[in-house]
Each structure stands twice: as C-alpha cells, then as structure tokens.
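Just coords-v6.tsv here, TSV, C-alpha atoms:
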chain	number	residue	atom	x	y	z
A	1	GLY	CA	17.86	1.21	-5.82
A	2	ASN	CA	15.25	2.75	-8.08
A	3	SER	CA	14.92	6.50	-8.49
A	4	VAL	CA	13.14	9.07	-10.66
A	5	THR	CA	14.37	12.58	-11.42
A	6	GLN	CA	12.10	15.25	-12.89
A	7	MET	CA	12.97	18.67	-14.19
A	8	GLU	CA	12.59	21.29	-11.55
A	9	GLY	CA	9.64	23.60	-11.72
A	10	PRO	CA	7.57	25.49	-11.55
A	11	VAL	CA	6.83	25.69	-15.25
A	12	THR	CA	4.76	28.64	-16.45
A	13	LEU	CA	3.36	28.71	-19.98
A	14	SER	CA	0.87	30.64	-22.04
A	15	GLU	CA	-2.16	28.83	-23.42
A	16	GLU	CA	-1.43	26.90	-26.64
A	17	ALA	CA	2.31	26.71	-25.89
A	18	PHE	CA	4.29	23.48	-26.24
A	19	LEU	CA	5.01	21.57	-23.05
A	20	THR	CA	7.91	19.32	-22.16
A	21	ILE	CA	8.57	17.97	-18.68
A	22	ASN	CA	11.74	15.92	-18.47
A	23	CYS	CA	11.92	12.67	-16.54
A	24	THR	CA	14.85	10.28	-16.19
A	25	TYR	CA	15.01	7.12	-14.15
A	26	THR	CA	17.33	4.58	-12.58
A	27	ALA	CA	16.07	1.04	-12.16
A	28	THR	CA	17.61	-2.31	-11.40
A	29	GLY	CA	15.04	-4.41	-13.25
A	30	TYR	CA	12.47	-3.87	-15.99
A	31	PRO	CA	10.38	-0.89	-14.97
A	32	SER	CA	7.01	0.21	-16.13
A	33	LEU	CA	6.78	3.99	-16.39
A	34	PHE	CA	3.91	6.31	-15.59
A	35	TRP	CA	2.85	9.92	-15.54
A	36	TYR	CA	0.36	10.95	-12.89
A	37	VAL	CA	-1.36	14.33	-12.51
A	38	GLN	CA	-2.60	15.91	-9.29
A	39	TYR	CA	-5.09	18.77	-9.29
A	40	PRO	CA	-5.42	20.97	-6.19
A	41	GLY	CA	-7.07	19.18	-3.29
A	42	GLU	CA	-7.24	15.85	-5.11
A	43	GLY	CA	-5.43	12.55	-5.31
A	44	LEU	CA	-3.31	11.37	-8.22
A	45	GLN	CA	-4.81	10.50	-11.59
A	46	LEU	CA	-3.05	8.14	-13.95
A	47	LEU	CA	-2.34	10.15	-17.10
A	48	LEU	CA	-0.46	7.63	-19.22
A	49	LYS	CA	1.81	4.63	-19.02
A	50	ALA	CA	4.39	2.58	-20.93
A	51	THR	CA	5.43	-0.91	-20.00
A	52	LYS	CA	8.41	-1.63	-22.26
A	53	ALA	CA	11.11	0.10	-24.25
A	54	ASP	CA	9.92	2.19	-27.22
A	55	ASP	CA	6.30	2.11	-26.06
A	56	LYS	CA	4.51	5.42	-26.39
A	57	GLY	CA	1.84	6.28	-23.85
A	58	SER	CA	-0.75	8.89	-24.76
A	59	ASN	CA	-3.87	10.41	-23.28
A	60	LYS	CA	-5.73	13.75	-23.53
A	61	GLY	CA	-3.12	15.14	-25.93
A	62	PHE	CA	-0.20	14.21	-23.67
A	63	GLU	CA	2.46	11.80	-24.88
A	64	ALA	CA	5.59	10.14	-23.49
A	65	THR	CA	7.94	7.58	-25.04
A	66	TYR	CA	9.85	4.98	-23.01
A	67	ARG	CA	13.51	5.44	-24.04
A	68	LYS	CA	15.65	2.71	-22.54
A	69	GLU	CA	18.88	3.95	-24.12
A	70	THR	CA	18.56	7.34	-22.41
A	71	THR	CA	16.53	6.04	-19.42
A	72	SER	CA	13.98	8.76	-20.04
A	73	PHE	CA	10.22	9.21	-20.21
A	74	HIS	CA	9.64	12.87	-21.06
A	75	LEU	CA	6.08	14.21	-21.03
A	76	GLU	CA	4.98	16.38	-23.98
A	77	LYS	CA	1.86	18.18	-25.13
A	78	GLY	CA	1.59	20.22	-28.28
A	79	SER	CA	-0.84	22.87	-27.04
A	80	VAL	CA	-1.55	23.33	-23.36
A	81	GLN	CA	-4.75	24.69	-21.89
A	82	VAL	CA	-5.45	26.56	-18.66
A	83	SER	CA	-7.17	23.41	-17.40
A	84	ASP	CA	-3.83	21.54	-17.62
A	85	SER	CA	-2.52	23.54	-14.66
A	86	ALA	CA	-1.62	20.92	-12.05
A	87	VAL	CA	1.30	19.01	-10.55
A	88	TYR	CA	2.75	16.26	-12.73
A	89	PHE	CA	4.58	13.24	-11.33
A	90	CYS	CA	6.73	10.76	-13.17
A	91	ALA	CA	6.82	7.31	-11.56
A	92	LEU	CA	8.16	3.82	-12.08
A	93	SER	CA	7.28	0.35	-10.92
A	94	ASP	CA	9.88	-2.38	-11.10
A	95	ARG	CA	7.84	-5.44	-11.98
A	96	ALA	CA	10.75	-7.84	-12.08
A	97	SER	CA	11.65	-7.34	-8.47
A	98	GLY	CA	9.59	-9.24	-5.94
A	99	THR	CA	10.52	-6.68	-3.34
A	100	SER	CA	8.78	-3.97	-5.32
A	101	TYR	CA	5.23	-5.24	-5.07
A	102	GLY	CA	2.79	-2.39	-4.96
A	103	LYS	CA	5.52	0.22	-4.83
A	104	LEU	CA	5.64	3.17	-7.16
A	105	THR	CA	8.77	5.31	-6.99
A	106	PHE	CA	7.92	8.93	-7.75
A	107	GLY	CA	9.82	11.95	-8.93
A	108	GLN	CA	9.50	15.14	-6.92
A	109	GLY	CA	6.72	16.55	-9.07
A	110	THR	CA	6.60	19.51	-11.46
A	111	ILE	CA	4.13	22.33	-10.95
A	112	LEU	CA	2.64	23.53	-14.24
A	113	THR	CA	0.77	26.82	-14.49
A	114	VAL	CA	-0.86	27.82	-17.76
A	115	HIS	CA	-1.99	31.42	-18.25
A	116	PRO	CA	-4.73	32.50	-20.70
B	117	LYS	CA	-17.28	1.62	-11.53
B	118	ALA	CA	-16.73	3.57	-8.34
B	119	GLY	CA	-13.21	4.78	-7.71
B	120	VAL	CA	-11.03	4.40	-4.65
B	121	THR	CA	-12.62	5.96	-1.60
B	122	GLN	CA	-10.88	7.13	1.53
B	123	THR	CA	-12.33	8.18	4.85
B	124	PRO	CA	-12.17	10.53	6.52
B	125	ARG	CA	-11.04	13.23	4.11
B	126	TYR	CA	-9.73	15.51	6.83
B	127	LEU	CA	-8.53	14.79	10.34
B	128	ILE	CA	-7.01	16.87	13.11
B	129	LYS	CA	-5.25	15.07	15.94
B	130	THR	CA	-3.02	15.97	18.86
B	131	ARG	CA	0.53	14.74	19.40
B	132	GLY	CA	0.60	11.38	21.14
B	133	GLN	CA	-2.80	10.29	19.90
B	134	GLN	CA	-3.36	7.51	17.40
B	135	VAL	CA	-5.35	7.56	14.18
B	136	THR	CA	-6.93	5.05	11.80
B	137	LEU	CA	-7.50	5.80	8.14
B	138	SER	CA	-9.69	3.72	5.86
B	139	CYS	CA	-9.50	2.87	2.17
B	140	SER	CA	-11.97	1.05	-0.05
B	141	PRO	CA	-10.42	-0.08	-3.35
B	142	ILE	CA	-12.05	-0.26	-6.73
B	143	SER	CA	-14.35	-3.26	-6.90
B	144	GLY	CA	-12.39	-6.35	-7.90
B	145	HIS	CA	-9.01	-4.88	-6.99
B	146	ARG	CA	-7.11	-6.99	-4.46
B	147	SER	CA	-3.96	-4.92	-4.02
B	148	VAL	CA	-3.92	-1.80	-1.86
B	149	SER	CA	-0.90	0.45	-1.40
B	150	TRP	CA	-0.47	3.40	0.94
B	151	TYR	CA	1.65	6.52	0.43
B	152	GLN	CA	2.52	9.56	2.47
B	153	GLN	CA	2.76	12.90	0.66
B	154	THR	CA	4.51	15.88	2.24
B	155	PRO	CA	5.96	19.06	0.72
B	156	GLY	CA	9.45	18.18	1.93
B	157	GLN	CA	9.68	14.46	1.19
B	158	GLY	CA	7.24	14.15	-1.69
B	159	LEU	CA	5.45	10.85	-2.21
B	160	GLN	CA	6.78	7.98	-0.13
B	161	PHE	CA	5.61	4.38	-0.13
B	162	LEU	CA	4.34	3.05	3.19
B	163	PHE	CA	3.19	-0.51	2.51
B	164	GLU	CA	1.19	-2.76	0.21
B	165	TYR	CA	-1.37	-5.46	0.92
B	166	PHE	CA	-2.60	-8.20	-1.34
B	167	SER	CA	-5.18	-10.77	-0.26
B	168	GLU	CA	-4.88	-9.70	3.37
B	169	THR	CA	-1.08	-10.13	3.40
B	170	GLN	CA	1.50	-7.37	3.63
B	171	ARG	CA	3.84	-8.00	0.72
B	172	ASN	CA	5.98	-4.93	0.85
B	173	LYS	CA	6.89	-2.22	3.32
B	174	GLY	CA	8.58	1.13	2.99
B	175	ASN	CA	11.06	2.75	5.30
B	176	PHE	CA	8.78	4.01	8.04
B	177	PRO	CA	8.89	3.41	11.79
B	178	GLY	CA	6.79	0.73	13.44
B	179	ARG	CA	4.27	3.36	14.53
B	180	PHE	CA	2.86	3.02	11.04
B	181	SER	CA	0.91	-0.16	10.51
B	182	GLY	CA	-1.84	-1.45	8.31
B	183	ARG	CA	-4.11	-4.32	7.55
B	184	GLN	CA	-6.41	-5.57	4.84
B	185	PHE	CA	-9.75	-7.30	5.23
B	186	SER	CA	-11.24	-10.14	3.22
B	187	ASN	CA	-13.26	-7.67	1.13
B	188	SER	CA	-9.96	-5.92	0.20
B	189	ARG	CA	-10.74	-2.83	2.24
B	190	SER	CA	-7.67	-1.59	4.04
B	191	GLU	CA	-6.87	0.48	7.08
B	192	MET	CA	-3.70	2.13	8.20
B	193	ASN	CA	-2.94	3.11	11.74
B	194	VAL	CA	-0.46	5.61	13.11
B	195	SER	CA	0.22	5.45	16.83
B	196	THR	CA	1.84	8.06	19.06
B	197	LEU	CA	1.40	10.81	16.52
B	198	GLU	CA	4.19	13.32	15.94
B	199	LEU	CA	4.02	16.75	14.32
B	200	GLY	CA	5.96	15.37	11.38
B	201	ASP	CA	3.18	12.90	10.61
B	202	SER	CA	1.09	15.76	9.25
B	203	ALA	CA	0.62	14.84	5.60
B	204	LEU	CA	-1.73	13.74	2.87
B	205	TYR	CA	-2.14	9.96	3.07
B	206	LEU	CA	-3.01	8.40	-0.25
B	207	CYS	CA	-4.34	4.95	-0.90
B	208	ALA	CA	-4.09	3.25	-4.29
B	209	SER	CA	-5.56	0.04	-5.62
B	210	SER	CA	-4.56	-2.28	-8.41
B	211	SER	CA	-6.21	-5.16	-10.18
B	212	SER	CA	-3.08	-7.05	-11.15
B	213	LYS	CA	-1.08	-9.35	-8.94
B	214	SER	CA	1.99	-7.36	-9.86
B	215	SER	CA	0.08	-4.26	-8.76
B	216	TYR	CA	2.15	-2.00	-10.98
B	217	GLU	CA	-0.70	0.13	-12.39
B	218	GLN	CA	-2.33	1.91	-9.50
B	219	TYR	CA	-5.42	4.06	-9.10
B	220	PHE	CA	-5.48	6.58	-6.31
B	221	GLY	CA	-8.10	7.84	-3.93
B	222	PRO	CA	-8.53	11.50	-2.97
B	223	GLY	CA	-6.46	11.10	0.19
B	224	THR	CA	-6.88	11.85	3.87
B	225	ARG	CA	-5.38	15.12	5.05
B	226	LEU	CA	-4.00	14.54	8.56
B	227	THR	CA	-2.96	17.50	10.67
B	228	VAL	CA	-1.18	16.86	13.96
B	229	THR	CA	-1.13	19.75	16.45
Rewrite the structure from the file as structure tokens, please.
Amino acid sequence: GNSVTQMEGPVTLSEEAFLTINCTYTATGYPSLFWYVQYPGEGLQLLLKATKADDKGSNKGFEATYRKETTSFHLEKGSVQVSDSAVYFCALSDRASGTSYGKLTFGQGTILTVHP
Amino acid sequence: KAGVTQTPRYLIKTRGQQVTLSCSPISGHRSVSWYQQTPGQGLQFLFEYFSETQRNKGNFPGRFSGRQFSNSRSEMNVSTLELGDSALYLCASSSSKSSYEQYFGPGTRLTVT
C-alpha cells in the first residue's frame, strides 16, 4: 500500500535560518505529492504540489521537488519567519488507482517552531 | 470564492450518543472527503463522495457513515460514540473527478465524555 514518512520533529529554528523537512514515500501507482500546513486551531492549507517526476512545487518561499529515483519530496525554505511556525504534512494521492479516489495518505506531520 | 465550511466547529457528546457533522464544499466542487485527525493516529481517511455516491472508504467501523446531497453538501454520522472517537474531523473538497487536489475546511472538534 501507499505510505509517507516524514522526518521526526519538532524542528526549532531561529528566524532567517534554512529549513529542510524530509519526506519519502512508497506508492504502487503514479502519485501526486503535496505539502500541507496546519496552523493552531485551523484546518489544513495546501502549500504546494507536484504531479509528476522532476516537477518543482513552490509557494510563499517554500519549494519541493518530486524525485522519483529517491522517492522523495523534501520541503525547503531559504529563510524562515516566525509566522512559518506550524505543523507541516507531506501527502500523496495515487491517481492511477481507482481505489484511491479522494484519498490522501499523510505523513505524521512535523512541528516547526521559529524563534525571533 | 468561499472556502470549505464545516458545522459545528465544536461539539461535546456523551458515550453512546450519536452525532452528525456537516460540510459545505467550495462552490462547483463535487468531491468531498472526510478525515479523522488524532494525536496518536494522525490523519486518517474516512470516506469520499462524488455526485452523491461513496467511491472510497477507509478502514473505520460501520458506526461511521456519510452521505452527500445533490448540492454536494455532505454529512457524516457517528453512532454509539466511544471515547476514542474524540478527534478533529476534517472535510476536504476537490473540483476534479480524480479528486487528488483537496482543499480543507477548519474542522469540527468532537469531544466524547
């Protein structure tokens, strides 16, 4: 079956530091990959996506590249801000499988705290 | 465009009771998925509806059920509540038939006492 593994947190950084959150996946078909962010007391917001190998998703300074050879989709940001403090989830959707309609498979989430 | 809305936002129920949660998708979206989020199990898929039909179901007991109406609004029902059903229930909608890109609502926080 499909699965997503994220680096364990929590991750604590100082403002303007470089961020990497590792994500690897296992999928039987042709997955689309996503990063979602969850702020306290809120639902999930789609941060970025990539639908095929070598695609790079980017948004709000965050980037992630779909690497099929290493089955990875690591999230990076060059300079984090206090407002980036949140929980980040890596997820996949296996479009090729009819049994996967509407189903996102999530990693366990990584808590990021950024200090001034 | 208005986002996904969920009602109520907070709910407190007693063991053995039943509960109904509601979700209104983004206008034009026909697919609605439901997830349960708990600290121990993380985010788990419950089920997905498209055009009033359940197309996919996660690994949850039959106490968890759902439906979708012709206007794409969806409800989920949990009967005979257990303490372990305490969770954040998230609804997500998608515009594509493949429903792979999903947009989430704020969730309903259910507490079972």
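Taking only C-alpha atoms into account, chain B lies nearest to A:Glu42 out of the set A:Asp54, A:Glu69, A:Glu8, A:Glu42.
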* **Neighbour list for Gly132 in chain B as an NGL selection string, cut-off 10 Å, only C-alpha atoms, skip fewer than 5 positions in-chain** => :B and (194-199 or 228-229)
query: Would you list which chain A residues are within 12 Å of chain B using all atoms listed in the file, as a count of residues only?
result: 47
Note to self: From (5.5, -0.8, 16.2), in the file's coordinates, out to 12 Å: which residues are reached, counting only C-alpha atoms? Answer as a list of chain:residue names.
What the structure shows: B:Phe176, B:Pro177, B:Gly178, B:Arg179, B:Phe180, B:Ser181, B:Gly182, B:Asn193, B:Val194, B:Ser195, B:Thr196
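The interatomic distance for the pair CA of Leu75 in chain A and CA of Thr28 in chain A works out to 22.3 Å.
Put simply, CA of Glu15 in chain A is 7.1 Å away from CA of Ser79 in chain A.
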- prompt: Got a sec: who's within 7 Å of Glu191 in chain B, counting all atoms listed in the file, leaving out chain neighbours fewer than 2 positions off, as a list in words?
  reply: Thr136, Leu137, Ser138, Cys139, Gly182, Arg183, Gln184 and Asn193 of chain B
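The space between CA of Pro10 in chain A and CA of Lys60 in chain A spans 21.4 Å.
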If you count all atoms listed in the file, the residue of B:Asn175, B:Gln133, B:Ile128, B:Ser140 closest to Thr227 in chain B turns out to be B:Ile128
List as a PyMOL selection string the protein and nucleic acid residues near Lys117 in chain B, meaning an atom at most 8 Å away when all atoms listed in the file are counted, but skip any in the same chain fewer than 2 places from it. chain B and resi 119+142-143
Among A:Gly29, A:Gly57, A:Pro116, A:Gly9, Lys77 in chain A is approached most closely, using all atoms listed in the file, by A:Gly57
* Find the spatial neighbours of Gly78 in chain A, counting all atoms listed in the file, within a cut-off of 7 Å - ignore same-chain residues fewer than 5 positions away - and output them as JSON, numbers by chain. => {"A": [17, 18, 19]}
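Among the candidate residues A:Glu16, A:Ala64, A:Asn2, A:Asn22, the one lying nearest to Ser83 in chain A is A:Glu16, with distances computed using only C-alpha atoms.
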